[in-house]
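Student: Enclosed is the structure file query-v6.cif (mmCIF, C-alpha atoms, pLDDT in the B column; chains and numbers go by the auth columns).
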```
data_entry
loop_
_atom_site.group_PDB
_atom_site.id
_atom_site.type_symbol
_atom_site.label_atom_id
_atom_site.label_comp_id
_atom_site.label_asym_id
_atom_site.label_seq_id
_atom_site.Cartn_x
_atom_site.Cartn_y
_atom_site.Cartn_z
_atom_site.B_iso_or_equiv
_atom_site.auth_seq_id
_atom_site.auth_asym_id
ATOM 1 C CA MET A 1 5.262 -10.359 -15.708 95.00 1 A
ATOM 2 C CA GLN A 2 7.033 -7.142 -14.829 97.00 2 A
ATOM 3 C CA LYS A 3 7.754 -5.724 -11.407 97.00 3 A
ATOM 4 C CA VAL A 4 8.648 -2.073 -10.964 98.00 4 A
ATOM 5 C CA ASN A 5 9.836 -0.948 -7.572 97.00 5 A
ATOM 6 C CA LEU A 6 8.520 2.397 -6.326 98.00 6 A
ATOM 7 C CA PHE A 7 9.848 2.479 -2.761 98.00 7 A
ATOM 8 C CA GLU A 8 12.065 0.173 -0.780 97.00 8 A
ATOM 9 C CA THR A 9 13.414 0.167 2.749 97.00 9 A
ATOM 10 C CA GLU A 10 14.339 -2.689 5.036 95.00 10 A
ATOM 11 C CA ARG A 11 10.870 -2.338 6.551 96.00 11 A
ATOM 12 C CA MET A 12 8.793 -2.583 3.367 97.00 12 A
ATOM 13 C CA PHE A 13 8.635 -2.396 -0.399 98.00 13 A
ATOM 14 C CA THR A 14 6.009 -0.854 -2.673 98.00 14 A
ATOM 15 C CA ASP A 15 5.948 -2.281 -6.212 98.00 15 A
ATOM 16 C CA ILE A 16 3.841 -2.172 -9.366 98.00 16 A
ATOM 17 C CA TYR A 17 3.238 -5.607 -10.911 98.00 17 A
ATOM 18 C CA CYS A 18 2.071 -5.883 -14.499 98.00 18 A
ATOM 19 C CA LEU A 19 0.695 -9.188 -15.809 98.00 19 A
ATOM 20 C CA GLU A 20 -0.286 -9.692 -19.412 98.00 20 A
ATOM 21 C CA PRO A 21 -3.197 -12.031 -20.221 98.00 21 A
ATOM 22 C CA GLY A 22 -2.276 -15.574 -19.152 98.00 22 A
ATOM 23 C CA GLN A 23 0.627 -14.530 -16.946 98.00 23 A
ATOM 24 C CA GLU A 24 0.767 -15.418 -13.275 98.00 24 A
ATOM 25 C CA GLN A 25 2.694 -15.067 -10.088 97.00 25 A
ATOM 26 C CA LYS A 26 2.864 -18.661 -8.956 97.00 26 A
ATOM 27 C CA ARG A 27 1.729 -19.633 -5.493 97.00 27 A
ATOM 28 C CA HIS A 28 4.334 -19.091 -2.839 96.00 28 A
ATOM 29 C CA ALA A 29 4.552 -17.950 0.781 96.00 29 A
ATOM 30 C CA HIS A 30 6.749 -15.543 2.713 94.00 30 A
ATOM 31 C CA ARG A 31 7.860 -16.455 6.181 94.00 31 A
ATOM 32 C CA GLY A 32 7.136 -13.543 8.480 95.00 32 A
ATOM 33 C CA ALA A 33 6.120 -10.991 5.828 97.00 33 A
ATOM 34 C CA ASP A 34 2.672 -9.714 4.836 98.00 34 A
ATOM 35 C CA LYS A 35 1.724 -8.742 1.290 98.00 35 A
ATOM 36 C CA VAL A 36 -1.168 -6.479 0.224 98.00 36 A
ATOM 37 C CA TYR A 37 -2.376 -6.413 -3.390 98.00 37 A
ATOM 38 C CA ILE A 38 -4.480 -3.534 -4.771 98.00 38 A
ATOM 39 C CA VAL A 39 -5.904 -3.896 -8.280 98.00 39 A
ATOM 40 C CA LEU A 40 -5.267 -0.712 -10.278 97.00 40 A
ATOM 41 C CA GLU A 41 -6.341 -1.935 -13.732 97.00 41 A
ATOM 42 C CA GLY A 42 -7.853 -5.124 -15.120 98.00 42 A
ATOM 43 C CA ALA A 43 -8.868 -8.187 -13.179 98.00 43 A
ATOM 44 C CA GLY A 44 -6.948 -10.964 -11.458 98.00 44 A
ATOM 45 C CA ARG A 45 -7.738 -14.344 -9.978 98.00 45 A
ATOM 46 C CA PHE A 46 -6.182 -14.384 -6.521 98.00 46 A
ATOM 47 C CA HIS A 47 -5.385 -17.413 -4.424 98.00 47 A
ATOM 48 C CA ILE A 48 -4.880 -16.706 -0.736 98.00 48 A
ATOM 49 C CA GLY A 49 -4.632 -19.901 1.248 98.00 49 A
ATOM 50 C CA ASP A 50 -7.658 -21.984 0.274 96.00 50 A
ATOM 51 C CA ASP A 51 -9.575 -18.986 -1.085 97.00 51 A
ATOM 52 C CA GLU A 52 -9.857 -18.208 -4.804 97.00 52 A
ATOM 53 C CA ARG A 53 -11.421 -14.933 -5.892 96.00 53 A
ATOM 54 C CA ASP A 54 -11.547 -12.598 -8.890 98.00 54 A
ATOM 55 C CA LEU A 55 -10.764 -8.979 -8.005 98.00 55 A
ATOM 56 C CA GLY A 56 -11.066 -5.844 -10.095 98.00 56 A
ATOM 57 C CA PRO A 57 -10.129 -2.172 -9.864 96.00 57 A
ATOM 58 C CA ASP A 58 -9.965 -0.677 -6.364 94.00 58 A
ATOM 59 C CA GLU A 59 -10.290 -4.084 -4.731 98.00 59 A
ATOM 60 C CA ILE A 60 -7.687 -5.054 -2.159 98.00 60 A
ATOM 61 C CA VAL A 61 -6.573 -8.263 -0.485 98.00 61 A
ATOM 62 C CA ILE A 62 -3.988 -9.328 2.068 98.00 62 A
ATOM 63 C CA ALA A 63 -1.793 -12.404 1.924 98.00 63 A
ATOM 64 C CA PRO A 64 -0.761 -12.715 5.565 97.00 64 A
ATOM 65 C CA ALA A 65 2.677 -13.977 6.489 97.00 65 A
ATOM 66 C CA ASN A 66 3.220 -17.694 5.879 97.00 66 A
ATOM 67 C CA VAL A 67 -0.001 -18.072 3.836 98.00 67 A
ATOM 68 C CA GLU A 68 0.412 -19.408 0.301 98.00 68 A
ATOM 69 C CA HIS A 69 -0.735 -16.906 -2.321 98.00 69 A
ATOM 70 C CA GLY A 70 -0.603 -16.202 -6.030 98.00 70 A
ATOM 71 C CA VAL A 71 -2.374 -14.314 -8.801 98.00 71 A
ATOM 72 C CA ARG A 72 -3.181 -15.132 -12.409 98.00 72 A
ATOM 73 C CA ASN A 73 -4.459 -12.881 -15.180 98.00 73 A
ATOM 74 C CA GLU A 74 -7.298 -14.907 -16.692 96.00 74 A
ATOM 75 C CA SER A 75 -8.633 -11.896 -18.582 96.00 75 A
ATOM 76 C CA GLN A 76 -7.963 -10.523 -22.059 97.00 76 A
ATOM 77 C CA ASN A 77 -6.536 -7.274 -20.704 98.00 77 A
ATOM 78 C CA ARG A 78 -3.457 -6.210 -18.837 98.00 78 A
ATOM 79 C CA LEU A 79 -3.569 -6.542 -15.059 98.00 79 A
ATOM 80 C CA VAL A 80 -1.821 -3.830 -13.033 98.00 80 A
ATOM 81 C CA LEU A 81 -1.337 -4.234 -9.288 98.00 81 A
ATOM 82 C CA LEU A 82 0.041 -2.090 -6.519 98.00 82 A
ATOM 83 C CA VAL A 83 1.848 -4.359 -4.067 98.00 83 A
ATOM 84 C CA PHE A 84 2.937 -3.533 -0.565 98.00 84 A
ATOM 85 C CA MET A 85 5.064 -5.905 1.465 98.00 85 A
ATOM 86 C CA ALA A 86 6.334 -5.675 5.040 98.00 86 A
ATOM 87 C CA PRO A 87 8.967 -6.332 6.070 97.00 87 A
ATOM 88 C CA ASN A 88 11.019 -6.358 2.871 96.00 88 A
ATOM 89 C CA PRO A 89 12.148 -9.952 2.269 90.00 89 A
ATOM 90 C CA ASN A 90 14.864 -8.705 -0.091 87.00 90 A
ATOM 91 C CA LYS A 91 16.530 -6.822 2.736 84.00 91 A
ATOM 92 C CA ASN A 92 15.972 -9.053 5.748 66.00 92 A
ATOM 93 C CA VAL A 93 17.171 -12.418 6.886 52.00 93 A
ATOM 94 C CA MET A 94 13.847 -14.050 7.718 47.00 94 A
ATOM 95 C CA MET B 1 -10.693 13.274 9.552 95.00 1 B
ATOM 96 C CA GLN B 2 -11.655 9.614 9.597 97.00 2 B
ATOM 97 C CA LYS B 3 -9.363 6.589 9.576 97.00 3 B
ATOM 98 C CA VAL B 4 -10.710 3.174 8.642 98.00 4 B
ATOM 99 C CA ASN B 5 -8.451 0.204 9.154 98.00 5 B
ATOM 100 C CA LEU B 6 -8.472 -2.439 6.424 98.00 6 B
ATOM 101 C CA PHE B 7 -5.640 -4.731 7.538 98.00 7 B
ATOM 102 C CA GLU B 8 -3.423 -4.791 10.564 97.00 8 B
ATOM 103 C CA THR B 9 -0.601 -6.995 11.759 97.00 9 B
ATOM 104 C CA GLU B 10 2.413 -6.240 13.921 95.00 10 B
ATOM 105 C CA ARG B 11 4.362 -5.778 10.677 96.00 11 B
ATOM 106 C CA MET B 12 2.104 -3.204 8.970 97.00 12 B
ATOM 107 C CA PHE B 13 -1.265 -1.527 8.748 98.00 13 B
ATOM 108 C CA THR B 14 -3.360 -0.588 5.720 98.00 14 B
ATOM 109 C CA ASP B 15 -5.845 2.224 6.340 98.00 15 B
ATOM 110 C CA ILE B 16 -8.204 4.494 4.437 98.00 16 B
ATOM 111 C CA TYR B 17 -8.004 8.155 5.519 98.00 17 B
ATOM 112 C CA CYS B 18 -10.797 10.541 4.622 98.00 18 B
ATOM 113 C CA LEU B 19 -10.266 14.299 4.959 98.00 19 B
ATOM 114 C CA GLU B 20 -13.032 16.803 4.336 98.00 20 B
ATOM 115 C CA PRO B 21 -12.126 20.212 2.879 98.00 21 B
ATOM 116 C CA GLY B 22 -9.895 22.069 5.334 98.00 22 B
ATOM 117 C CA GLN B 23 -9.040 19.008 7.431 98.00 23 B
ATOM 118 C CA GLU B 24 -5.460 17.926 7.966 98.00 24 B
ATOM 119 C CA GLN B 25 -3.215 15.342 9.483 97.00 25 B
ATOM 120 C CA LYS B 26 -0.772 17.557 11.330 97.00 26 B
ATOM 121 C CA ARG B 27 2.941 17.149 10.774 97.00 27 B
ATOM 122 C CA HIS B 28 4.497 14.393 12.827 96.00 28 B
ATOM 123 C CA ALA B 29 7.160 11.715 12.479 96.00 29 B
ATOM 124 C CA HIS B 30 7.375 8.009 13.285 94.00 30 B
ATOM 125 C CA ARG B 31 10.563 6.633 14.685 94.00 31 B
ATOM 126 C CA GLY B 32 11.556 3.578 12.656 95.00 32 B
ATOM 127 C CA ALA B 33 8.359 3.265 10.570 97.00 33 B
ATOM 128 C CA ASP B 34 7.714 4.163 6.924 98.00 34 B
ATOM 129 C CA LYS B 35 4.386 5.473 5.637 98.00 35 B
ATOM 130 C CA VAL B 36 3.155 5.401 2.031 98.00 36 B
ATOM 131 C CA TYR B 37 0.197 7.560 0.927 98.00 37 B
ATOM 132 C CA ILE B 38 -1.741 6.841 -2.282 98.00 38 B
ATOM 133 C CA VAL B 39 -4.376 9.370 -3.370 98.00 39 B
ATOM 134 C CA LEU B 40 -7.602 7.568 -4.311 97.00 40 B
ATOM 135 C CA GLU B 41 -9.912 10.594 -4.674 97.00 41 B
ATOM 136 C CA GLY B 42 -9.471 14.351 -4.488 98.00 42 B
ATOM 137 C CA ALA B 43 -6.253 16.251 -3.957 98.00 43 B
ATOM 138 C CA GLY B 44 -4.011 16.800 -0.962 98.00 44 B
ATOM 139 C CA ARG B 45 -1.126 19.073 -0.055 98.00 45 B
ATOM 140 C CA PHE B 46 1.597 16.836 1.325 98.00 46 B
ATOM 141 C CA HIS B 47 4.520 17.878 3.449 98.00 47 B
ATOM 142 C CA ILE B 48 7.384 15.383 3.559 98.00 48 B
ATOM 143 C CA GLY B 49 10.422 16.838 5.273 98.00 49 B
ATOM 144 C CA ASP B 50 11.097 20.164 3.560 96.00 50 B
ATOM 145 C CA ASP B 51 9.059 19.269 0.479 97.00 51 B
ATOM 146 C CA GLU B 52 5.504 20.528 -0.115 97.00 52 B
ATOM 147 C CA ARG B 53 3.536 19.140 -3.041 96.00 53 B
ATOM 148 C CA ASP B 54 -0.055 18.780 -4.250 98.00 54 B
ATOM 149 C CA LEU B 55 -0.947 15.227 -5.270 98.00 55 B
ATOM 150 C CA GLY B 56 -4.040 13.891 -6.998 98.00 56 B
ATOM 151 C CA PRO B 57 -5.572 10.529 -7.897 96.00 57 B
ATOM 152 C CA ASP B 58 -3.135 7.645 -8.462 94.00 58 B
ATOM 153 C CA GLU B 59 -0.215 9.672 -7.152 98.00 59 B
ATOM 154 C CA ILE B 60 1.889 8.139 -4.402 98.00 60 B
ATOM 155 C CA VAL B 61 4.455 9.383 -1.925 98.00 61 B
ATOM 156 C CA ILE B 62 6.579 7.931 0.855 98.00 62 B
ATOM 157 C CA ALA B 63 7.248 9.479 4.243 98.00 63 B
ATOM 158 C CA PRO B 64 10.368 7.587 5.300 97.00 64 B
ATOM 159 C CA ALA B 65 10.945 6.713 8.937 97.00 65 B
ATOM 160 C CA ASN B 66 11.853 9.660 11.161 97.00 66 B
ATOM 161 C CA VAL B 67 10.913 12.257 8.507 98.00 67 B
ATOM 162 C CA GLU B 68 8.247 14.787 9.491 98.00 68 B
ATOM 163 C CA HIS B 69 5.158 14.559 7.315 98.00 69 B
ATOM 164 C CA GLY B 70 1.564 15.705 7.098 98.00 70 B
ATOM 165 C CA VAL B 71 -1.274 16.262 4.654 98.00 71 B
ATOM 166 C CA ARG B 72 -3.961 18.919 4.328 98.00 72 B
ATOM 167 C CA ASN B 73 -7.039 19.012 2.158 98.00 73 B
ATOM 168 C CA GLU B 74 -6.905 22.488 0.589 96.00 74 B
ATOM 169 C CA SER B 75 -9.535 21.593 -2.000 96.00 75 B
ATOM 170 C CA GLN B 76 -13.316 21.889 -2.036 97.00 76 B
ATOM 171 C CA ASN B 77 -13.790 18.138 -2.311 98.00 77 B
ATOM 172 C CA ARG B 78 -13.266 15.132 -0.097 98.00 78 B
ATOM 173 C CA LEU B 79 -9.778 13.651 -0.045 98.00 79 B
ATOM 174 C CA VAL B 80 -9.494 9.866 0.218 98.00 80 B
ATOM 175 C CA LEU B 81 -6.126 8.212 0.827 98.00 81 B
ATOM 176 C CA LEU B 82 -4.887 4.661 1.036 98.00 82 B
ATOM 177 C CA VAL B 83 -2.169 4.505 3.678 98.00 83 B
ATOM 178 C CA PHE B 84 0.367 1.759 4.332 98.00 84 B
ATOM 179 C CA MET B 85 2.640 1.808 7.298 98.00 85 B
ATOM 180 C CA ALA B 86 5.419 -0.586 8.279 98.00 86 B
ATOM 181 C CA PRO B 87 6.016 -1.666 10.907 97.00 87 B
ATOM 182 C CA ASN B 88 2.763 -0.981 12.725 96.00 88 B
ATOM 183 C CA PRO B 89 3.489 1.622 15.415 90.00 89 B
ATOM 184 C CA ASN B 90 0.267 0.652 17.228 87.00 90 B
ATOM 185 C CA LYS B 91 1.609 -2.856 17.808 84.00 91 B
ATOM 186 C CA ASN B 92 5.310 -2.293 18.352 66.00 92 B
ATOM 187 C CA VAL B 93 7.436 -0.730 21.014 52.00 93 B
ATOM 188 C CA MET B 94 9.578 1.542 18.879 47.00 94 B
#
```
Can you give me the file's structure in the form of structure tokens?

Tutor:
Amino acid sequence: MQKVNLFETERMFTDIYCLEPGQEQKRHAHRGADKVYIVLEGAGRFHIGDDERDLGPDEIVIAPANVEHGVRNESQNRLVLLVFMAPNPNKNVM
Amino acid sequence: MQKVNLFETERMFTDIYCLEPGQEQKRHAHRGADKVYIVLEGAGRFHIGDDERDLGPDEIVIAPANVEHGVRNESQNRLVLLVFMAPNPNKNVM
């Protein structure tokens, strides 16, 4: 899984995530930070709290602060996501 | 110009903006809040500080906090934008 940062401030980051077939971002939670995933290419199986859902291109989902979330590429094609997070946990003491 | 909110917390909002030909979001600035525009459909002329640039589908730009920015639809087609902002100026005393 690759992450490419597009923009970063202390208030937010905007990244591209790329997951090959079988790759995943394991379930985790961020204290006090929201994450939005937008599917650009491919399809991903998203877990947000107790919800599990397959999303495809132009679909969007929020993982609110403190809610466990993750995504897995169960498909045979590359999954490309645009990811927005606020505030930026890399630049804040949460 | 229409704005449709998708997600909103005190930390960020995610909106869809729709601008018909000739419509614009006039230049303005947000104290202490960053805005990211992603073009979903059509083309827009973006002003970010002293920069003016036409962007089309899948192009992205950041208007950092305190920097004057705006967008105008100079085309003959509808312009659809995904907009992230952090923090949410509607829910914070800046």

Student: Name the residues in contact with Phe13 (chain A) at a cut-off of 12 Å, using all atoms listed in the file, excluding same-chain residues fewer than 6 positions from it; report them as JSON, numbers by chain.

Tutor: {"A": [3, 4, 5, 6, 7, 33, 34, 35, 36, 82, 83, 84, 85, 86, 87, 88, 89, 90, 91, 92], "B": [12, 34, 35, 36, 62, 64, 84, 85, 86, 87]}

Student: Please produce, as a tab-separated table, a per-residue contact table for region 22-53 of chain B versus region 65-68 of chain B (criterion: any atom at most 8 Å away, only C-alpha atoms considered), showing the nearest atom pair and its distance in Å to one decimal, sorted by chain then residue number.

Tutor:
```
residue	atom	partner	partner_atom	distance
B:Arg27	CA	B:Glu68	CA	5.9
B:His28	CA	B:Glu68	CA	5.0
B:Ala29	CA	B:Glu68	CA	4.4
B:His30	CA	B:Asn66	CA	5.2
B:Arg31	CA	B:Asn66	CA	4.8
B:Gly32	CA	B:Ala65	CA	4.9
B:Ala33	CA	B:Ala65	CA	4.6
B:Asp34	CA	B:Ala65	CA	4.6
B:Lys35	CA	B:Ala65	CA	7.4
B:His47	CA	B:Glu68	CA	7.7
B:Ile48	CA	B:Glu68	CA	6.0
B:Gly49	CA	B:Glu68	CA	5.2
```

Student: After a least-squares superposition on chain A over all sequentially paired C-alpha atoms, what is chain B as a PDB file with C-alpha atoms, in the frame of the given file?

Tutor:
```
ATOM      1  CA  MET B   1       5.264 -10.372 -15.701  1.00 95.00           C
ATOM      2  CA  GLN B   2       7.035  -7.143 -14.826  1.00 97.00           C
ATOM      3  CA  LYS B   3       7.767  -5.733 -11.380  1.00 97.00           C
ATOM      4  CA  VAL B   4       8.657  -2.075 -10.959  1.00 98.00           C
ATOM      5  CA  ASN B   5       9.844  -0.944  -7.568  1.00 98.00           C
ATOM      6  CA  LEU B   6       8.536   2.406  -6.339  1.00 98.00           C
ATOM      7  CA  PHE B   7       9.847   2.488  -2.762  1.00 98.00           C
ATOM      8  CA  GLU B   8      12.054   0.190  -0.782  1.00 97.00           C
ATOM      9  CA  THR B   9      13.401   0.169   2.745  1.00 97.00           C
ATOM     10  CA  GLU B  10      14.332  -2.689   5.045  1.00 95.00           C
ATOM     11  CA  ARG B  11      10.847  -2.335   6.551  1.00 96.00           C
ATOM     12  CA  MET B  12       8.770  -2.596   3.349  1.00 97.00           C
ATOM     13  CA  PHE B  13       8.620  -2.395  -0.413  1.00 98.00           C
ATOM     14  CA  THR B  14       6.020  -0.831  -2.700  1.00 98.00           C
ATOM     15  CA  ASP B  15       5.947  -2.278  -6.217  1.00 98.00           C
ATOM     16  CA  ILE B  16       3.845  -2.169  -9.365  1.00 98.00           C
ATOM     17  CA  TYR B  17       3.237  -5.610 -10.913  1.00 98.00           C
ATOM     18  CA  CYS B  18       2.070  -5.884 -14.500  1.00 98.00           C
ATOM     19  CA  LEU B  19       0.691  -9.188 -15.802  1.00 98.00           C
ATOM     20  CA  GLU B  20      -0.289  -9.694 -19.420  1.00 98.00           C
ATOM     21  CA  PRO B  21      -3.190 -12.040 -20.225  1.00 98.00           C
ATOM     22  CA  GLY B  22      -2.285 -15.567 -19.134  1.00 98.00           C
ATOM     23  CA  GLN B  23       0.648 -14.526 -16.940  1.00 98.00           C
ATOM     24  CA  GLU B  24       0.780 -15.425 -13.273  1.00 98.00           C
ATOM     25  CA  GLN B  25       2.697 -15.061 -10.078  1.00 97.00           C
ATOM     26  CA  LYS B  26       2.869 -18.670  -8.968  1.00 97.00           C
ATOM     27  CA  ARG B  27       1.729 -19.636  -5.499  1.00 97.00           C
ATOM     28  CA  HIS B  28       4.342 -19.103  -2.831  1.00 96.00           C
ATOM     29  CA  ALA B  29       4.559 -17.963   0.780  1.00 96.00           C
ATOM     30  CA  HIS B  30       6.762 -15.546   2.714  1.00 94.00           C
ATOM     31  CA  ARG B  31       7.866 -16.460   6.172  1.00 94.00           C
ATOM     32  CA  GLY B  32       7.124 -13.541   8.489  1.00 95.00           C
ATOM     33  CA  ALA B  33       6.118 -10.987   5.819  1.00 97.00           C
ATOM     34  CA  ASP B  34       2.669  -9.704   4.831  1.00 98.00           C
ATOM     35  CA  LYS B  35       1.723  -8.734   1.280  1.00 98.00           C
ATOM     36  CA  VAL B  36      -1.159  -6.471   0.232  1.00 98.00           C
ATOM     37  CA  TYR B  37      -2.377  -6.402  -3.393  1.00 98.00           C
ATOM     38  CA  ILE B  38      -4.484  -3.527  -4.761  1.00 98.00           C
ATOM     39  CA  VAL B  39      -5.913  -3.888  -8.275  1.00 98.00           C
ATOM     40  CA  LEU B  40      -5.285  -0.701 -10.271  1.00 97.00           C
ATOM     41  CA  GLU B  41      -6.352  -1.924 -13.734  1.00 97.00           C
ATOM     42  CA  GLY B  42      -7.845  -5.120 -15.114  1.00 98.00           C
ATOM     43  CA  ALA B  43      -8.874  -8.187 -13.171  1.00 98.00           C
ATOM     44  CA  GLY B  44      -6.953 -10.955 -11.455  1.00 98.00           C
ATOM     45  CA  ARG B  45      -7.732 -14.351  -9.981  1.00 98.00           C
ATOM     46  CA  PHE B  46      -6.185 -14.392  -6.527  1.00 98.00           C
ATOM     47  CA  HIS B  47      -5.387 -17.418  -4.441  1.00 98.00           C
ATOM     48  CA  ILE B  48      -4.886 -16.719  -0.740  1.00 98.00           C
ATOM     49  CA  GLY B  49      -4.647 -19.921   1.253  1.00 98.00           C
ATOM     50  CA  ASP B  50      -7.688 -21.986   0.284  1.00 96.00           C
ATOM     51  CA  ASP B  51      -9.587 -18.993  -1.089  1.00 97.00           C
ATOM     52  CA  GLU B  52      -9.850 -18.215  -4.817  1.00 97.00           C
ATOM     53  CA  ARG B  53     -11.423 -14.940  -5.896  1.00 96.00           C
ATOM     54  CA  ASP B  54     -11.549 -12.597  -8.893  1.00 98.00           C
ATOM     55  CA  LEU B  55     -10.778  -8.981  -8.006  1.00 98.00           C
ATOM     56  CA  GLY B  56     -11.066  -5.842 -10.104  1.00 98.00           C
ATOM     57  CA  PRO B  57     -10.127  -2.165  -9.871  1.00 96.00           C
ATOM     58  CA  ASP B  58      -9.965  -0.668  -6.362  1.00 94.00           C
ATOM     59  CA  GLU B  59     -10.294  -4.077  -4.742  1.00 98.00           C
ATOM     60  CA  ILE B  60      -7.694  -5.052  -2.167  1.00 98.00           C
ATOM     61  CA  VAL B  61      -6.590  -8.252  -0.492  1.00 98.00           C
ATOM     62  CA  ILE B  62      -4.002  -9.312   2.062  1.00 98.00           C
ATOM     63  CA  ALA B  63      -1.801 -12.388   1.920  1.00 98.00           C
ATOM     64  CA  PRO B  64      -0.771 -12.710   5.562  1.00 97.00           C
ATOM     65  CA  ALA B  65       2.675 -13.979   6.478  1.00 97.00           C
ATOM     66  CA  ASN B  66       3.215 -17.697   5.889  1.00 97.00           C
ATOM     67  CA  VAL B  67       0.001 -18.080   3.840  1.00 98.00           C
ATOM     68  CA  GLU B  68       0.407 -19.402   0.295  1.00 98.00           C
ATOM     69  CA  HIS B  69      -0.738 -16.916  -2.320  1.00 98.00           C
ATOM     70  CA  GLY B  70      -0.613 -16.211  -6.030  1.00 98.00           C
ATOM     71  CA  VAL B  71      -2.376 -14.315  -8.793  1.00 98.00           C
ATOM     72  CA  ARG B  72      -3.174 -15.112 -12.414  1.00 98.00           C
ATOM     73  CA  ASN B  73      -4.449 -12.884 -15.171  1.00 98.00           C
ATOM     74  CA  GLU B  74      -7.307 -14.908 -16.688  1.00 96.00           C
ATOM     75  CA  SER B  75      -8.641 -11.900 -18.584  1.00 96.00           C
ATOM     76  CA  GLN B  76      -7.962 -10.540 -22.059  1.00 97.00           C
ATOM     77  CA  ASN B  77      -6.543  -7.294 -20.710  1.00 98.00           C
ATOM     78  CA  ARG B  78      -3.456  -6.212 -18.835  1.00 98.00           C
ATOM     79  CA  LEU B  79      -3.565  -6.535 -15.060  1.00 98.00           C
ATOM     80  CA  VAL B  80      -1.824  -3.831 -13.028  1.00 98.00           C
ATOM     81  CA  LEU B  81      -1.342  -4.231  -9.278  1.00 98.00           C
ATOM     82  CA  LEU B  82       0.043  -2.081  -6.513  1.00 98.00           C
ATOM     83  CA  VAL B  83       1.841  -4.332  -4.045  1.00 98.00           C
ATOM     84  CA  PHE B  84       2.999  -3.557  -0.515  1.00 98.00           C
ATOM     85  CA  MET B  85       5.095  -5.935   1.463  1.00 98.00           C
ATOM     86  CA  ALA B  86       6.342  -5.689   5.041  1.00 98.00           C
ATOM     87  CA  PRO B  87       8.979  -6.332   6.073  1.00 97.00           C
ATOM     88  CA  ASN B  88      11.016  -6.366   2.879  1.00 96.00           C
ATOM     89  CA  PRO B  89      12.150  -9.958   2.291  1.00 90.00           C
ATOM     90  CA  ASN B  90      14.863  -8.715  -0.097  1.00 87.00           C
ATOM     91  CA  LYS B  91      16.535  -6.815   2.738  1.00 84.00           C
ATOM     92  CA  ASN B  92      15.966  -9.049   5.737  1.00 66.00           C
ATOM     93  CA  VAL B  93      17.198 -12.402   6.874  1.00 52.00           C
ATOM     94  CA  MET B  94      13.898 -14.058   7.696  1.00 47.00           C
TER      95      MET B  94
END
```

Student: With only C-alpha atoms as the counted atoms, please give the residues lying no more than 8 Å from Gly22 (chain B), apart from itself and same-chain residues fewer than 4 positions off, as a list in words.

Tutor: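 The contact residues come out as Arg72, Asn73, Glu74 and Ser75 of chain B.
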
Student: Name the closest residue to Thr9 (chain B) among the candidates A:Asp50, A:Ala63, A:Ile38, A:Gln23; distances are taken between atoms, counting all atoms listed in the file.

Tutor: A:Ala63

Student: Counting only C-alpha atoms, which of A:Tyr17, A:Leu40, A:Met1, A:Asp51 gets nearest to His69 (chain A)?

Tutor: A:Asp51

Student: If you measure from CA of Val39 (chain B) to CA of Leu81 (chain A), what distance in Å do you get, rounded to one decimal?

Tutor: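 Between these atoms lies a distance of 15.1 Å.
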
Student: If you apply the PyMOL selection byres ((chain B and resi 60) around 6) to this file, what residues do you get, as a list of chain:residue names?

Tutor: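 This file, filtered by the PyMOL selection byres ((chain B and resi 60) around 6), leaves B:Tyr37, B:Ile38, B:Glu59, B:Val61.
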
Student: With C-alpha atoms retained, could you export that selection as a PDB file, in the frame of the given file?

Tutor:
```pdb
ATOM      1  CA  TYR B  37       0.197   7.560   0.927  1.00 98.00           C
ATOM      2  CA  ILE B  38      -1.741   6.841  -2.282  1.00 98.00           C
ATOM      3  CA  GLU B  59      -0.215   9.672  -7.152  1.00 98.00           C
ATOM      4  CA  VAL B  61       4.455   9.383  -1.925  1.00 98.00           C
TER       5      VAL B  61
END
```

Student: Starting from the shown file, work through the PyMOL selection byres ((chain B and resi 46) around 6) and note down what comes out as a VMD selection string.

Tutor: chain B and resid 45 47 52 to 53 70 to 71

Student: Looking at B:Asp58, B:Gln2, B:Leu19, B:Gln25, which one is nearest to chain A, with distances taken over all atoms listed in the file?

Tutor: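 Closest to chain A of all the choices is B:Asp58.
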
Student: Report the distance between CA of Val80 (chain A) and CA of Ala43 (chain A) in Å, rounded to one decimal place.

Tutor: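 Separation between CA of Val80 (chain A) and CA of Ala43 (chain A): 8.3 Å.
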
Student: May I ask which of the residues A:Pro21, A:Ile16, A:Gly44, A:Lys26 is the closest one to chain B, counting only C-alpha atoms?

Tutor: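 Checking each candidate against chain B, we get A:Ile16 as the closest.
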
Student: Go ahead and compute the interatomic distance for CA of Gly42 (chain A) and CA of Arg78 (chain B), in Å to one decimal.

Tutor: 25.8 Å

Student: For region 18-21 of chain A, I'd like the enclosing box, axis-aligned and padded by 6 Å on every side, reported as AutoDock Vina command-line options with centre and edge lengths in Å to one decimal.

Tutor:
```
--center_x -0.6 --center_y -9.0 --center_z -17.4 --size_x 17.3 --size_y 18.1 --size_z 17.7
```

Student: Of the candidates A:Asp15, A:Leu79, A:Asp54, A:Glu24, which shows the shortest atom-to-atom distance to chain B, using only C-alpha atoms?

Tutor: A:Asp15

Student: Compare A:Gln76, A:Glu41, A:Glu20, A:Leu55 by their minimum atom-to-atom distance to chain B, counting all atoms listed in the file, and give me the closest one.

Tutor: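 Among the listed residues, A:Glu41 lies closest to chain B.
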